[in-house]
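Text of input-v3.cif, listed as mmCIF, C-alpha atoms:
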data_model
#
loop_
_atom_site.group_PDB
_atom_site.id
_atom_site.type_symbol
_atom_site.label_atom_id
_atom_site.label_comp_id
_atom_site.auth_asym_id
_atom_site.auth_seq_id
_atom_site.Cartn_x
_atom_site.Cartn_y
_atom_site.Cartn_z
ATOM 1 C CA MET A 1 231.089 -4.547 199.263
ATOM 2 C CA SER A 2 229.874 -1.775 201.540
ATOM 3 C CA THR A 3 228.099 1.515 201.048
ATOM 4 C CA ALA A 4 228.563 4.510 203.330
ATOM 5 C CA PRO A 5 229.013 8.262 203.136
ATOM 6 C CA LYS A 6 232.664 9.015 203.740
ATOM 7 C CA ALA A 7 235.617 11.017 202.559
ATOM 8 C CA VAL A 8 237.242 9.806 199.377
ATOM 9 C CA VAL A 9 241.000 9.410 199.100
ATOM 10 C CA PHE A 10 242.522 11.161 196.104
ATOM 11 C CA HIS A 11 246.049 10.460 194.976
ATOM 12 C CA THR A 12 248.804 12.666 193.619
ATOM 13 C CA SER A 13 252.168 11.318 192.545
ATOM 14 C CA THR A 14 253.737 11.774 195.950
ATOM 15 C CA SER A 15 250.910 11.752 198.487
ATOM 16 C CA SER A 16 247.270 10.953 199.160
ATOM 17 C CA SER A 17 244.632 13.104 200.826
ATOM 18 C CA GLU A 18 240.953 12.980 201.668
ATOM 19 C CA LEU A 19 238.347 14.713 199.545
ATOM 20 C CA ASP A 20 235.069 15.396 201.335
ATOM 21 C CA CYS A 21 232.166 13.704 199.587
ATOM 22 C CA ASN A 22 229.015 15.241 201.025
ATOM 23 C CA ASP A 23 226.555 12.545 200.003
ATOM 24 C CA ASN A 24 225.745 8.898 200.546
ATOM 25 C CA ASP A 25 226.278 7.412 197.107
ATOM 26 C CA ILE A 26 229.781 6.106 197.682
ATOM 27 C CA VAL A 27 230.224 2.390 196.936
ATOM 28 C CA VAL A 28 233.299 0.605 198.290
ATOM 29 C CA ILE A 29 234.370 -2.727 196.815
ATOM 30 C CA THR A 30 236.836 -4.714 198.938
ATOM 31 C CA HIS A 31 238.353 -8.015 197.877
ATOM 32 C CA THR A 32 238.704 -9.584 201.294
ATOM 33 C CA LYS A 33 241.087 -12.345 200.196
ATOM 34 C CA SER A 34 243.715 -9.937 198.808
ATOM 35 C CA GLY A 35 242.907 -6.563 200.374
ATOM 36 C CA ALA A 36 242.527 -4.797 197.015
ATOM 37 C CA ASN A 37 239.816 -2.147 196.964
ATOM 38 C CA CYS A 38 237.909 0.203 194.681
ATOM 39 C CA VAL A 39 235.808 3.292 195.451
ATOM 40 C CA LEU A 40 233.109 4.579 193.121
ATOM 41 C CA LYS A 41 230.162 6.942 193.144
ATOM 42 C CA GLN A 42 226.687 6.095 191.966
ATOM 43 C CA PHE A 43 226.712 9.531 190.329
ATOM 44 C CA GLY A 44 228.106 8.723 186.907
ATOM 45 C CA ALA A 45 228.942 5.164 188.022
ATOM 46 C CA HIS A 46 232.252 6.920 188.404
ATOM 47 C CA ILE A 47 235.304 5.020 189.662
ATOM 48 C CA LEU A 48 237.347 7.267 191.942
ATOM 49 C CA SER A 49 240.139 4.908 192.930
ATOM 50 C CA TYR A 50 241.504 1.394 192.678
ATOM 51 C CA GLN A 51 244.328 0.070 194.869
ATOM 52 C CA THR A 52 246.021 -3.279 194.446
ATOM 53 C CA SER A 53 246.571 -5.733 197.279
ATOM 54 C CA SER A 54 249.961 -4.099 197.927
ATOM 55 C CA GLY A 55 248.287 -0.697 198.328
ATOM 56 C CA LYS A 56 249.460 0.688 194.972
ATOM 57 C CA PRO A 57 246.966 3.219 193.561
ATOM 58 C CA LEU A 58 246.470 3.031 189.780
ATOM 59 C CA ILE A 59 243.838 5.758 189.298
ATOM 60 C CA MET A 60 244.265 9.529 189.559
ATOM 61 C CA LEU A 61 241.485 11.793 190.871
ATOM 62 C CA SER A 62 241.747 15.569 190.663
ATOM 63 C CA LYS A 63 242.145 17.212 194.062
ATOM 64 C CA ASP A 64 239.696 19.873 192.854
ATOM 65 C CA ALA A 65 237.106 17.473 191.457
ATOM 66 C CA ILE A 66 233.496 18.615 191.840
ATOM 67 C CA MET A 67 231.747 15.925 193.845
ATOM 68 C CA ASP A 68 228.284 17.388 194.480
ATOM 69 C CA GLY A 69 226.683 16.187 191.250
ATOM 70 C CA SER A 70 226.574 19.608 189.608
ATOM 71 C CA ALA A 71 229.207 18.648 187.036
ATOM 72 C CA ALA A 72 231.071 15.632 185.712
ATOM 73 C CA ILE A 73 233.871 14.425 187.995
ATOM 74 C CA ARG A 74 237.422 15.244 186.895
ATOM 75 C CA GLY A 75 239.716 12.219 187.088
ATOM 76 C CA GLY A 76 238.930 8.592 187.853
ATOM 77 C CA ILE A 77 237.135 6.787 185.029
ATOM 78 C CA PRO A 78 234.409 8.877 183.358
ATOM 79 C CA LEU A 79 232.051 6.890 181.124
ATOM 80 C CA CYS A 80 231.500 8.349 177.643
ATOM 81 C CA TYR A 81 228.324 7.190 175.832
ATOM 82 C CA PRO A 82 226.471 7.439 173.439
ATOM 83 C CA GLN A 83 229.187 9.684 172.041
ATOM 84 C CA PHE A 84 232.811 10.615 172.630
ATOM 85 C CA GLY A 85 233.446 14.317 172.237
ATOM 86 C CA GLN A 86 230.493 15.960 170.530
ATOM 87 C CA PRO A 87 230.013 14.773 166.964
ATOM 88 C CA ASP A 88 226.251 15.189 167.577
ATOM 89 C CA LYS A 89 225.757 18.785 168.734
ATOM 90 C CA SER A 90 222.179 18.118 169.888
ATOM 91 C CA TYR A 91 223.385 16.751 173.229
ATOM 92 C CA PRO A 92 226.414 17.388 175.463
ATOM 93 C CA GLN A 93 229.995 16.277 175.037
ATOM 94 C CA HIS A 94 230.671 12.685 176.060
ATOM 95 C CA GLY A 95 226.969 11.887 176.481
ATOM 96 C CA PHE A 96 224.872 11.412 179.597
ATOM 97 C CA LEU A 97 226.212 8.440 181.583
ATOM 98 C CA ARG A 98 228.722 10.483 183.615
ATOM 99 C CA ARG A 99 226.142 13.133 184.578
ATOM 100 C CA ASN A 100 223.386 10.998 186.134
ATOM 101 C CA LYS A 101 222.960 8.841 189.210
ATOM 102 C CA TRP A 102 222.999 5.080 188.713
ATOM 103 C CA LYS A 103 221.381 2.362 190.826
ATOM 104 C CA VAL A 104 223.181 -0.608 192.333
ATOM 105 C CA VAL A 105 221.774 -3.771 190.753
ATOM 106 C CA GLU A 106 220.074 -5.725 193.514
ATOM 107 C CA GLY A 107 221.980 -8.877 194.417
ATOM 108 C CA SER A 108 224.966 -8.012 192.221
ATOM 109 C CA GLN A 109 227.497 -7.558 195.001
ATOM 110 C CA PHE A 110 229.984 -10.388 195.446
ATOM 111 C CA ASP A 111 233.247 -11.112 197.279
ATOM 112 C CA THR A 112 234.825 -14.499 196.609
ATOM 113 C CA ASP A 113 238.342 -15.870 196.865
ATOM 114 C CA ASP A 114 238.876 -15.031 193.186
ATOM 115 C CA SER A 115 237.439 -11.499 192.993
ATOM 116 C CA ALA A 116 234.935 -8.948 194.272
ATOM 117 C CA GLY A 117 232.614 -6.601 192.455
ATOM 118 C CA VAL A 118 229.269 -4.974 191.848
ATOM 119 C CA SER A 119 226.998 -3.894 188.980
ATOM 120 C CA LEU A 120 225.169 -0.596 188.516
ATOM 121 C CA GLU A 121 222.427 0.260 186.021
ATOM 122 C CA LEU A 122 220.929 3.309 184.347
ATOM 123 C CA GLU A 123 217.858 3.421 182.107
ATOM 124 C CA LEU A 124 217.109 6.320 179.792
ATOM 125 C CA LYS A 125 213.870 7.037 181.671
ATOM 126 C CA ASP A 126 215.996 7.885 184.720
ATOM 127 C CA VAL A 127 218.345 10.206 182.807
ATOM 128 C CA THR A 128 217.502 13.766 183.847
ATOM 129 C CA VAL A 129 220.684 15.593 182.840
ATOM 130 C CA ALA A 130 222.672 15.946 179.597
ATOM 131 C CA ARG A 131 220.050 14.550 177.208
ATOM 132 C CA GLY A 132 219.969 17.669 175.061
ATOM 133 C CA ASP A 133 217.060 18.606 172.816
ATOM 134 C CA GLY A 134 217.672 16.414 169.778
ATOM 135 C CA THR A 135 218.709 12.795 169.280
ATOM 136 C CA TRP A 136 218.349 11.827 172.949
ATOM 137 C CA GLY A 137 215.991 14.596 174.102
ATOM 138 C CA ASN A 138 212.812 14.011 176.109
ATOM 139 C CA ASP A 139 210.783 13.485 172.930
ATOM 140 C CA THR A 140 213.118 10.886 171.435
ATOM 141 C CA THR A 141 211.812 7.602 170.082
ATOM 142 C CA LEU A 142 215.076 5.935 171.126
ATOM 143 C CA ASN A 143 215.501 3.984 174.332
ATOM 144 C CA CYS A 144 218.395 2.263 176.067
ATOM 145 C CA LYS A 145 219.694 0.780 179.287
ATOM 146 C CA CYS A 146 223.288 0.456 180.490
ATOM 147 C CA VAL A 147 224.698 -1.959 183.071
ATOM 148 C CA TYR A 148 228.216 -1.329 184.371
ATOM 149 C CA THR A 149 230.069 -4.124 186.142
ATOM 150 C CA VAL A 150 233.246 -3.508 188.126
ATOM 151 C CA LYS A 151 235.341 -6.474 189.236
ATOM 152 C CA ILE A 152 238.628 -6.394 191.140
ATOM 153 C CA ASP A 153 241.211 -8.841 192.392
ATOM 154 C CA ALA A 154 244.697 -8.541 193.859
ATOM 155 C CA ASN A 155 246.312 -6.803 190.889
ATOM 156 C CA SER A 156 243.637 -6.049 188.311
ATOM 157 C CA MET A 157 240.360 -4.263 187.697
ATOM 158 C CA THR A 158 237.849 -5.179 184.996
ATOM 159 C CA ASN A 159 235.260 -2.664 183.791
ATOM 160 C CA THR A 160 232.451 -3.895 181.538
ATOM 161 C CA LEU A 161 229.689 -1.704 180.119
ATOM 162 C CA ALA A 162 226.696 -3.479 178.570
ATOM 163 C CA MET A 163 224.499 -1.227 176.403
ATOM 164 C CA GLU A 164 221.040 -2.501 175.490
ATOM 165 C CA ASN A 165 218.670 -1.013 172.936
ATOM 166 C CA LEU A 166 215.287 -1.199 174.681
ATOM 167 C CA GLY A 167 213.434 0.227 171.715
ATOM 168 C CA SER A 168 212.707 -0.885 168.175
ATOM 169 C CA GLU A 169 214.684 1.821 166.368
ATOM 170 C CA ALA A 170 218.406 1.291 165.712
ATOM 171 C CA PHE A 171 220.834 4.009 166.756
ATOM 172 C CA ASP A 172 224.455 5.010 166.252
ATOM 173 C CA PHE A 173 226.737 5.137 169.262
ATOM 174 C CA GLN A 174 230.280 5.433 170.512
ATOM 175 C CA VAL A 175 231.607 4.298 173.885
ATOM 176 C CA LEU A 176 234.868 5.106 175.670
ATOM 177 C CA LEU A 177 236.340 4.733 179.165
ATOM 178 C CA HIS A 178 238.175 8.006 179.859
ATOM 179 C CA THR A 179 240.660 6.477 182.327
ATOM 180 C CA TYR A 180 243.062 8.715 184.265
ATOM 181 C CA TYR A 181 246.147 6.721 185.289
ATOM 182 C CA LEU A 182 248.192 7.950 188.225
ATOM 183 C CA VAL A 183 251.820 8.561 187.230
ATOM 184 C CA ALA A 184 254.075 7.767 190.180
ATOM 185 C CA MET A 185 256.471 10.443 191.458
ATOM 186 C CA GLY A 186 255.119 13.126 189.115
ATOM 187 C CA LYS A 187 257.012 11.741 186.125
ATOM 188 C CA ALA A 188 254.385 12.230 183.408
ATOM 189 C CA LEU A 189 256.747 14.319 181.272
ATOM 190 C CA ASP A 190 259.659 11.899 181.663
ATOM 191 C CA HIS A 191 259.622 9.899 178.439
ATOM 192 C CA GLU A 192 261.583 7.016 179.918
ATOM 193 C CA LEU A 193 259.244 6.588 182.875
ATOM 194 C CA CYS A 194 255.907 7.521 181.291
ATOM 195 C CA ASN A 195 254.954 6.112 177.906
ATOM 196 C CA VAL A 196 252.486 3.883 176.103
ATOM 197 C CA LYS A 197 253.495 0.926 173.942
ATOM 198 C CA GLY A 198 251.225 -1.047 171.629
ATOM 199 C CA PHE A 199 249.903 1.583 169.221
ATOM 200 C CA GLU A 200 252.478 0.752 166.537
ATOM 201 C CA GLY A 201 250.871 0.833 163.083
ATOM 202 C CA TYR A 202 247.767 2.714 164.262
ATOM 203 C CA LEU A 203 246.508 5.764 162.365
ATOM 204 C CA VAL A 204 247.014 8.867 164.516
ATOM 205 C CA ASP A 205 244.645 11.842 164.465
ATOM 206 C CA ASP A 206 246.382 14.639 166.394
ATOM 207 C CA LYS A 207 243.631 16.978 167.610
ATOM 208 C CA VAL A 208 246.169 19.643 168.603
ATOM 209 C CA SER A 209 248.338 19.905 165.490
ATOM 210 C CA GLY A 210 245.719 18.685 163.008
ATOM 211 C CA GLU A 211 248.176 16.140 161.597
ATOM 212 C CA THR A 212 247.325 12.573 160.668
ATOM 213 C CA TYR A 213 249.951 9.860 160.262
ATOM 214 C CA THR A 214 250.705 6.216 160.929
ATOM 215 C CA LEU A 215 252.616 5.594 164.128
ATOM 216 C CA GLY A 216 255.978 3.877 163.841
ATOM 217 C CA SER A 217 257.770 1.843 166.487
ATOM 218 C CA ASP A 218 258.317 4.639 169.014
ATOM 219 C CA PRO A 219 256.230 4.583 172.195
ATOM 220 C CA VAL A 220 253.705 7.357 172.787
ATOM 221 C CA THR A 221 254.963 10.033 175.188
ATOM 222 C CA ILE A 222 253.675 13.392 176.431
ATOM 223 C CA PRO A 223 255.231 16.280 174.484
ATOM 224 C CA GLU A 224 255.901 19.807 175.734
ATOM 225 C CA VAL A 225 252.324 20.806 174.912
ATOM 226 C CA ILE A 226 248.896 19.295 175.421
ATOM 227 C CA ILE A 227 248.511 15.842 173.894
ATOM 228 C CA ASP A 228 245.120 14.860 172.488
ATOM 229 C CA ARG A 229 245.456 12.053 169.945
ATOM 230 C CA VAL A 230 243.098 9.400 168.654
ATOM 231 C CA TYR A 231 244.643 6.068 167.603
ATOM 232 C CA THR A 232 242.604 4.054 165.088
ATOM 233 C CA PRO A 233 243.633 0.422 164.530
ATOM 234 C CA PRO A 234 244.846 -0.806 161.150
ATOM 235 C CA SER A 235 242.793 -3.294 159.162
ATOM 236 C CA GLY A 236 242.633 -6.661 160.873
ATOM 237 C CA LYS A 237 243.428 -5.341 164.345
ATOM 238 C CA ILE A 238 240.478 -5.854 166.708
ATOM 239 C CA ASP A 239 241.372 -5.890 170.411
ATOM 240 C CA LEU A 240 243.579 -3.299 172.091
ATOM 241 C CA ASN A 241 246.663 -4.471 173.997
ATOM 242 C CA LEU A 242 248.871 -1.796 175.562
ATOM 243 C CA THR A 243 251.642 -1.487 178.116
ATOM 244 C CA ILE A 244 251.561 1.746 180.105
ATOM 245 C CA ALA A 245 254.621 2.964 181.986
ATOM 246 C CA ALA A 246 253.168 5.275 184.608
ATOM 247 C CA GLY A 247 256.129 6.512 186.591
ATOM 248 C CA THR A 248 258.703 4.864 188.814
ATOM 249 C CA ASP A 249 258.017 1.152 189.418
ATOM 250 C CA ASN A 250 254.507 1.442 187.992
ATOM 251 C CA MET A 251 253.674 -0.656 184.918
ATOM 252 C CA VAL A 252 250.135 -1.407 183.783
ATOM 253 C CA GLU A 253 248.926 -3.790 181.097
ATOM 254 C CA LEU A 254 245.695 -2.668 179.442
ATOM 255 C CA LYS A 255 243.472 -4.932 177.370
ATOM 256 C CA ALA A 256 240.176 -3.846 175.811
ATOM 257 C CA ASN A 257 237.587 -5.434 173.553
ATOM 258 C CA GLY A 258 234.063 -4.744 172.393
ATOM 259 C CA ASP A 259 231.230 -6.169 170.356
ATOM 260 C CA VAL A 260 227.850 -5.240 168.914
ATOM 261 C CA ASP A 261 225.362 -8.103 169.139
ATOM 262 C CA GLY A 262 228.220 -10.580 169.382
ATOM 263 C CA THR A 263 230.246 -9.208 166.472
ATOM 264 C CA ALA A 264 233.673 -7.940 167.510
ATOM 265 C CA VAL A 265 234.406 -4.281 166.752
ATOM 266 C CA PRO A 266 237.935 -2.799 166.422
ATOM 267 C CA VAL A 267 239.007 -0.865 169.533
ATOM 268 C CA SER A 268 240.520 2.597 169.202
ATOM 269 C CA GLY A 269 242.447 4.498 171.862
ATOM 270 C CA VAL A 270 242.949 8.087 172.976
ATOM 271 C CA VAL A 271 245.932 9.540 174.831
ATOM 272 C CA TRP A 272 245.379 12.861 176.602
ATOM 273 C CA ASN A 273 247.211 15.138 179.032
ATOM 274 C CA PRO A 274 246.242 18.828 179.442
ATOM 275 C CA HIS A 275 249.779 20.040 180.147
ATOM 276 C CA LYS A 276 250.452 23.275 182.014
ATOM 277 C CA ILE A 277 248.402 25.904 180.168
ATOM 278 C CA LYS A 278 245.173 23.901 179.919
ATOM 279 C CA ALA A 279 245.578 22.526 183.449
ATOM 280 C CA GLU A 280 245.785 26.061 184.827
ATOM 281 C CA ALA A 281 242.602 26.984 182.934
ATOM 282 C CA MET A 282 240.502 24.143 184.374
ATOM 283 C CA GLY A 283 238.762 25.089 187.602
ATOM 284 C CA ASP A 284 238.310 21.461 188.699
ATOM 285 C CA PHE A 285 241.903 20.358 188.143
ATOM 286 C CA GLY A 286 245.051 21.157 190.111
ATOM 287 C CA SER A 287 247.297 23.451 188.076
ATOM 288 C CA ASP A 288 250.277 21.136 188.551
ATOM 289 C CA GLN A 289 248.445 17.793 188.407
ATOM 290 C CA TYR A 290 249.248 17.269 184.735
ATOM 291 C CA ASN A 291 252.540 15.894 186.077
ATOM 292 C CA ASP A 292 250.613 13.189 187.922
ATOM 293 C CA MET A 293 248.523 11.650 185.162
ATOM 294 C CA ILE A 294 248.135 10.254 181.708
ATOM 295 C CA CYS A 295 244.767 9.414 180.191
ATOM 296 C CA VAL A 296 244.781 6.235 178.126
ATOM 297 C CA GLU A 297 241.229 5.756 176.915
ATOM 298 C CA PRO A 298 240.018 2.695 174.990
ATOM 299 C CA GLY A 299 236.777 2.919 173.055
ATOM 300 C CA LEU A 300 234.632 1.964 170.093
ATOM 301 C CA LEU A 301 234.870 5.105 167.973
ATOM 302 C CA SER A 302 235.052 4.225 164.267
ATOM 303 C CA ASN A 303 232.958 1.999 162.009
ATOM 304 C CA VAL A 304 230.734 0.946 164.897
ATOM 305 C CA PRO A 305 227.584 -0.849 163.656
ATOM 306 C CA LYS A 306 224.225 0.569 164.688
ATOM 307 C CA LEU A 307 222.727 -1.027 167.770
ATOM 308 C CA GLU A 308 219.506 -2.623 166.581
ATOM 309 C CA GLY A 309 216.346 -2.856 168.656
ATOM 310 C CA GLY A 310 216.500 -5.479 171.388
ATOM 311 C CA LYS A 311 220.224 -6.045 170.905
ATOM 312 C CA ILE A 312 223.164 -5.539 173.287
ATOM 313 C CA ALA A 313 226.661 -4.135 172.799
ATOM 314 C CA THR A 314 229.427 -4.671 175.336
ATOM 315 C CA PHE A 315 232.746 -3.000 176.012
ATOM 316 C CA THR A 316 235.399 -4.211 178.466
ATOM 317 C CA GLN A 317 238.752 -2.973 179.686
ATOM 318 C CA VAL A 318 241.098 -4.864 182.017
ATOM 319 C CA MET A 319 243.953 -3.038 183.738
ATOM 320 C CA THR A 320 246.594 -5.122 185.477
ATOM 321 C CA SER A 321 249.463 -3.910 187.612
ATOM 322 C CA VAL A 322 252.590 -5.834 186.597
#

Will you turn the file into structure tokens for me?
Amino acid sequence: MSTAPKAVVFHTSTSSSELDCNDNDIVVITHTKSGANCVLKQFGAHILSYQTSSGKPLIMLSKDAIMDGSAAIRGGIPLCYPQFGQPDKSYPQHGFLRRNKWKVVEGSQFDTDDSAGVSLELELKDVTVARGDGTWGNDTTLNCKCVYTVKIDANSMTNTLAMENLGSEAFDFQVLLHTYYLVAMGKALDHELCNVKGFEGYLVDDKVSGETYTLGSDPVTIPEVIIDRVYTPPSGKIDLNLTIAAGTDNMVELKANGDVDGTAVPVSGVVWNPHKIKAEAMGDFGSDQYNDMICVEPGLLSNVPKLEGGKIATFTQVMTSV
């Protein structure tokens, strides 16, 4: 692993370009044995890119992403915690992890024949942005620490977030990895080439239409409008196992699991694409880049036990290019 200020490569469906990153908090993970690599920022512990040993990029970063720390980064893998969306209006949408600068855990860097990686950490005492004035405000009696470990090998990346309650008071939480997958050749709206399989039997909450229903056997595809749907697993379903078709010759297997103090918690998923109208309205997103991406976001969203004092919750996703 190396750290150095440098330009960051962002990927569209048909090309890659450099995005100036005017700071020194870039962390580069290189798996020497295979040549796979990952780029992330300490701001937000935000993954900007991952490329397999063959040079295939799996992650999409907006060409207009704001990289100076004044806002959350559009694209990559934003971390959402202690909430997804804004069920608690006393602090900002998606929580505070993505809006603060993390520290590299001393001695955590590794590069072996099997894999390479690094860990970053953030304690609540170091959170200066997006705490709000309520549940997690400066006067809160709650306390927590998060450690984020990123591990790569030739064809896969593993992201694990460990969330520790440093206080004595239990608290509610949600966690989600808001992953932007790059769709090869701009085929996000092509239902044959871009779809998600594995949500069969899940309860669907469509945030656009307001409908709720149980998904049948059809794969999830991007319609002719924005898609923003939450998929809640049926009773007895714990881990998430999906197959993502992300454009021409680009298949990804996604596995995710989580636990609270060692007890497994069912994993939900979100599928999102802003489509044309919303994409054009976002100042940090290319107006045509909705063709280049699909967000498939695993998380612990429903019936999550409180995190008791001194206990740890973990959440892991593994993406594998197949």

Output check: residues returned by the PyMOL selection byres ((chain A and resi 66-75) around 10), as number ranges by chain
A: 8, 10, 19-23, 41, 43-44, 46-49, 59-65, 76-79, 96-101, 129, 178-182, 282-285, 293, 295

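Note that atom CA of A:Pro223 and atom CA of A:Glu211 are 14.7 Å apart.
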
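When the PyMOL selection byres ((chain A and resi 109) around 7) is evaluated on the file shown here, the picked residues come out as Met1, Gly107, Ser108, Phe110, Gly117 and Val118 of chain A.
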
Which polymer residues, protein or nucleic acid, are no farther than 9 Å from (243.7, 7.8, 163.0), counting only C-alpha atoms, as a ChimeraX atom specification?
/A:202-206,212-214,229-234,268

Starting from the shown file, work through the PyMOL selection byres ((chain A and resi 306-318) around 7) and note down what comes out as a compact mmCIF listing (two decimals) with C-alpha atoms, in the frame of the given file.
# COMPACT_ATOMS: atom_id res chain seq x y z
CA SER A 156 243.64 -6.05 188.31
CA MET A 157 240.36 -4.26 187.70
CA THR A 158 237.85 -5.18 185.00
CA ASN A 159 235.26 -2.66 183.79
CA THR A 160 232.45 -3.90 181.54
CA LEU A 161 229.69 -1.70 180.12
CA ALA A 162 226.70 -3.48 178.57
CA MET A 163 224.50 -1.23 176.40
CA GLU A 164 221.04 -2.50 175.49
CA ASN A 165 218.67 -1.01 172.94
CA LEU A 166 215.29 -1.20 174.68
CA GLY A 167 213.43 0.23 171.72
CA SER A 168 212.71 -0.88 168.18
CA GLU A 169 214.68 1.82 166.37
CA ALA A 170 218.41 1.29 165.71
CA PHE A 171 220.83 4.01 166.76
CA ASP A 172 224.46 5.01 166.25
CA PHE A 173 226.74 5.14 169.26
CA LEU A 254 245.70 -2.67 179.44
CA LYS A 255 243.47 -4.93 177.37
CA ALA A 256 240.18 -3.85 175.81
CA ASN A 257 237.59 -5.43 173.55
CA GLY A 258 234.06 -4.74 172.39
CA ASP A 259 231.23 -6.17 170.36
CA VAL A 260 227.85 -5.24 168.91
CA ASP A 261 225.36 -8.10 169.14
CA VAL A 304 230.73 0.95 164.90
CA PRO A 305 227.58 -0.85 163.66
CA MET A 319 243.95 -3.04 183.74
CA THR A 320 246.59 -5.12 185.48

Take atom CA of A:Leu189 and atom CA of A:Val322 and report the distance between them in Å, one decimal.
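According to the coordinates, atom CA of A:Leu189 and atom CA of A:Val322 are separated by 21.3 Å.
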
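You can rank A:Leu124, A:Ala116, A:Leu193, A:Cys80 by their closest distance to A:Gln93 using all atoms listed in the file, and at the top of that list sits A:Cys80.
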
What is the distance between atom CA of A:Cys144 and atom CA of A:Lys125, in Å to one decimal?
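Distance between the two atoms: 8.6 Å.
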
A:Ala188: which residues within 8 Å, counting all atoms listed in the file, same-chain residues fewer than 2 positions away excluded, as an MDAnalysis selection string?
chainID A and resid 183 186 190:191 193:194 222 246:247 290:294
